[in-house]
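Undergrad: Next up is a structure, given as structure tokens.
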Amino acid sequence: MVKWSDFERTTIQDIFSKIDKDVVGPAALSRCLIVYPWTQRYFSSFGNLYNAAAIKSNPKVAAHGKVVLAGLERALSNMDNIKETYAELSVLHSEKLHVDSDNFKLLADCLTIVVAGQLGKEFTPEIQAAFQKFLAVVVSALRKQYH
């Protein structure tokens, strides 16, 4: 079980209250698909992902980016039980979608970069550490069902 300090809890909630979820989710997923092009294989039904401009303007990428952020908000609401909260999602990604579990970390890194860009100077090293701890717990929960 993860131990959260009051600072970490407050910081993570504060981050989610400040970011524009309709921008951050799509931007993070787009960045992941552009920087790590092998991740595109899981999104073959999304249509044109041939270059950065196509990815950034793809409505299915944007919609799924928003789904990712909504999923993170579920973790935010259940910080003391993220693994159980993500159990079904872990099974879906491992057994049905066959997503390489390393991709969760790649997306988390892209999300950190996008959030840092949105928050600017407010994204101090202490705030970044709390956010990355949160994302690491989420990634661990998503990897739980993998063998």
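Quick note on naming: the chains in the structure tokens go A, B, ... in the order shown, residues restart at 1 in each chain, and ligands are numbered from 1 in order of appearance.
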Find the residues around Val137 of chain A up to 12 Å (only C-alpha atoms counted), leave out those fewer than 6 positions away in its own chain, and share them as a tab-separated table (two decimals) with N, CA, C and O atoms, in the first residue's frame.
TA:
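result_8.tsv was written with the following content:
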```tsv
chain	number	residue	atom	x	y	z
A	1	MET	N	0.84	-1.18	0.00
A	1	MET	CA	0.00	0.00	0.00
A	1	MET	C	0.88	1.25	0.00
A	1	MET	O	1.89	1.32	0.68
A	2	VAL	N	0.48	2.21	-0.77
A	2	VAL	CA	1.23	3.45	-0.90
A	2	VAL	C	0.85	4.39	0.24
A	2	VAL	O	-0.32	4.53	0.59
A	3	LYS	N	1.83	5.03	0.78
A	3	LYS	CA	1.61	6.05	1.81
A	3	LYS	C	1.70	7.43	1.15
A	3	LYS	O	2.71	7.73	0.50
A	4	TRP	N	0.68	8.22	1.31
A	4	TRP	CA	0.63	9.55	0.74
A	4	TRP	C	0.74	10.57	1.86
A	4	TRP	O	0.01	10.50	2.84
A	72	LEU	N	-7.42	8.85	-14.94
A	72	LEU	CA	-6.55	9.36	-13.88
A	72	LEU	C	-7.35	10.04	-12.77
A	72	LEU	O	-6.99	9.97	-11.60
A	75	ALA	N	-8.37	7.49	-10.38
A	75	ALA	CA	-7.29	7.20	-9.43
A	75	ALA	C	-7.20	8.29	-8.38
A	75	ALA	O	-6.99	7.99	-7.19
A	76	LEU	N	-7.38	9.52	-8.78
A	76	LEU	CA	-7.34	10.65	-7.85
A	76	LEU	C	-8.42	10.50	-6.78
A	76	LEU	O	-8.19	10.78	-5.61
A	78	ASN	N	-9.58	7.75	-5.71
A	78	ASN	CA	-9.36	6.50	-4.97
A	78	ASN	C	-7.88	6.31	-4.66
A	78	ASN	O	-7.34	5.21	-4.85
A	79	MET	N	-7.23	7.35	-4.17
A	79	MET	CA	-5.78	7.30	-3.99
A	79	MET	C	-5.32	6.21	-3.02
A	79	MET	O	-4.19	5.74	-3.13
A	80	ASP	N	-6.18	5.79	-2.13
A	80	ASP	CA	-5.78	4.76	-1.18
A	80	ASP	C	-6.03	3.35	-1.71
A	80	ASP	O	-5.73	2.37	-1.03
A	81	ASN	N	-6.59	3.25	-2.90
A	81	ASN	CA	-6.90	1.94	-3.45
A	81	ASN	C	-6.81	1.95	-4.98
A	81	ASN	O	-7.71	1.47	-5.66
A	82	ILE	N	-5.73	2.49	-5.49
A	82	ILE	CA	-5.59	2.62	-6.94
A	82	ILE	C	-5.50	1.26	-7.62
A	82	ILE	O	-6.08	1.05	-8.68
A	83	LYS	N	-4.80	0.31	-7.02
A	83	LYS	CA	-4.66	-1.01	-7.67
A	83	LYS	C	-6.00	-1.68	-7.87
A	83	LYS	O	-6.27	-2.23	-8.95
A	84	GLU	N	-6.86	-1.63	-6.89
A	84	GLU	CA	-8.19	-2.23	-7.05
A	84	GLU	C	-9.03	-1.43	-8.04
A	84	GLU	O	-9.76	-2.01	-8.85
A	85	THR	N	-8.91	-0.13	-8.00
A	85	THR	CA	-9.65	0.74	-8.91
A	85	THR	C	-9.29	0.44	-10.36
A	85	THR	O	-10.15	0.49	-11.24
A	86	TYR	N	-8.05	0.07	-10.61
A	86	TYR	CA	-7.57	-0.18	-11.96
A	86	TYR	C	-7.52	-1.67	-12.33
A	86	TYR	O	-7.02	-2.02	-13.40
A	104	PHE	N	2.75	2.30	-20.68
A	104	PHE	CA	2.12	3.11	-19.64
A	104	PHE	C	3.11	4.12	-19.07
A	104	PHE	O	2.76	5.27	-18.81
A	105	LYS	N	4.34	3.68	-18.89
A	105	LYS	CA	5.38	4.58	-18.38
A	105	LYS	C	5.70	5.66	-19.41
A	105	LYS	O	5.90	6.83	-19.05
A	108	ALA	N	2.99	8.15	-19.22
A	108	ALA	CA	3.12	8.92	-17.97
A	108	ALA	C	4.20	9.99	-18.11
A	108	ALA	O	4.02	11.12	-17.64
A	130	ALA	N	5.78	14.69	-6.51
A	130	ALA	CA	4.49	14.18	-6.06
A	130	ALA	C	3.67	13.66	-7.24
A	130	ALA	O	3.06	12.58	-7.17
A	131	PHE	N	3.67	14.41	-8.34
A	131	PHE	CA	2.92	14.01	-9.53
A	131	PHE	C	3.48	12.72	-10.11
A	131	PHE	O	2.73	11.80	-10.47
A	143	ARG	N	-0.05	-2.35	-14.60
A	143	ARG	CA	0.83	-3.50	-14.90
A	143	ARG	C	0.51	-4.74	-14.05
A	143	ARG	O	1.06	-5.80	-14.29
A	144	LYS	N	-0.37	-4.60	-13.08
A	144	LYS	CA	-0.59	-5.67	-12.10
A	144	LYS	C	-1.01	-6.99	-12.72
A	144	LYS	O	-0.57	-8.04	-12.28
```
Undergrad: How close does each residue of segment 99-122 of chain A get to segment 11-35 of chain A, giving the shortest atom pair and distance in Å to one decimal for every residue with an atom at most 7 Å away, counting only C-alpha atoms, sorted by chain and residue number, as JSON lines?
TA:
```
{"residue": "A:Leu106", "atom": "CA", "partner": "A:Cys32", "partner_atom": "CA", "distance": 6.8}
{"residue": "A:Leu107", "atom": "CA", "partner": "A:Cys32", "partner_atom": "CA", "distance": 5.7}
{"residue": "A:Cys110", "atom": "CA", "partner": "A:Ala28", "partner_atom": "CA", "distance": 5.2}
{"residue": "A:Leu111", "atom": "CA", "partner": "A:Ala28", "partner_atom": "CA", "distance": 4.8}
{"residue": "A:Val114", "atom": "CA", "partner": "A:Ala28", "partner_atom": "CA", "distance": 6.0}
{"residue": "A:Val115", "atom": "CA", "partner": "A:Val24", "partner_atom": "CA", "distance": 6.8}
{"residue": "A:Gln118", "atom": "CA", "partner": "A:Ile19", "partner_atom": "CA", "distance": 6.8}
```
Undergrad: Mind checking which residues fall within 8 Å of segment 95-103 of chain A, counting only C-alpha atoms, ignoring those fewer than 4 positions away in the same chain, and posting them as a short mmCIF file (atom, residue, chain, number, x, y, z; two decimals) with C-alpha atoms, in the first residue's frame?
TA:
```
data_model
loop_
_atom_site.label_atom_id
_atom_site.label_comp_id
_atom_site.auth_asym_id
_atom_site.auth_seq_id
_atom_site.Cartn_x
_atom_site.Cartn_y
_atom_site.Cartn_z
CA THR A 39 2.90 2.81 -29.72
CA TYR A 42 -2.50 -0.12 -30.62
CA VAL A 91 -7.05 -6.98 -17.33
CA LEU A 107 2.57 7.89 -21.60
CA LEU A 142 -2.06 -1.00 -14.75
CA ARG A 143 0.83 -3.50 -14.90
CA TYR A 146 0.63 -8.76 -16.61
#
```
Undergrad: With distances taken over only C-alpha atoms, which residue among A:Asp109, A:Val61, A:Gln128, A:Val67 lies nearest Ser44 of chain A?
TA: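 The closest residue to Ser44 of chain A is A:Val61.
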Undergrad: Find the residue from A:Gln40, A:Ser5, A:Asn48, A:Ser94 that sits nearest to Gln145 of chain A; use only C-alpha atoms when measuring.
TA: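 Closest to Gln145 of chain A, using only C-alpha atoms: A:Ser94.
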Undergrad: Can you pull out every residue from chain A that DSSP, working from the backbone, puts in alpha helix (DSSP H), and format the result as a VMD selection string?
TA: chain A and resid 6 to 18 21 to 35 52 to 56 59 to 77 82 to 85 87 to 91 102 to 119 125 to 143
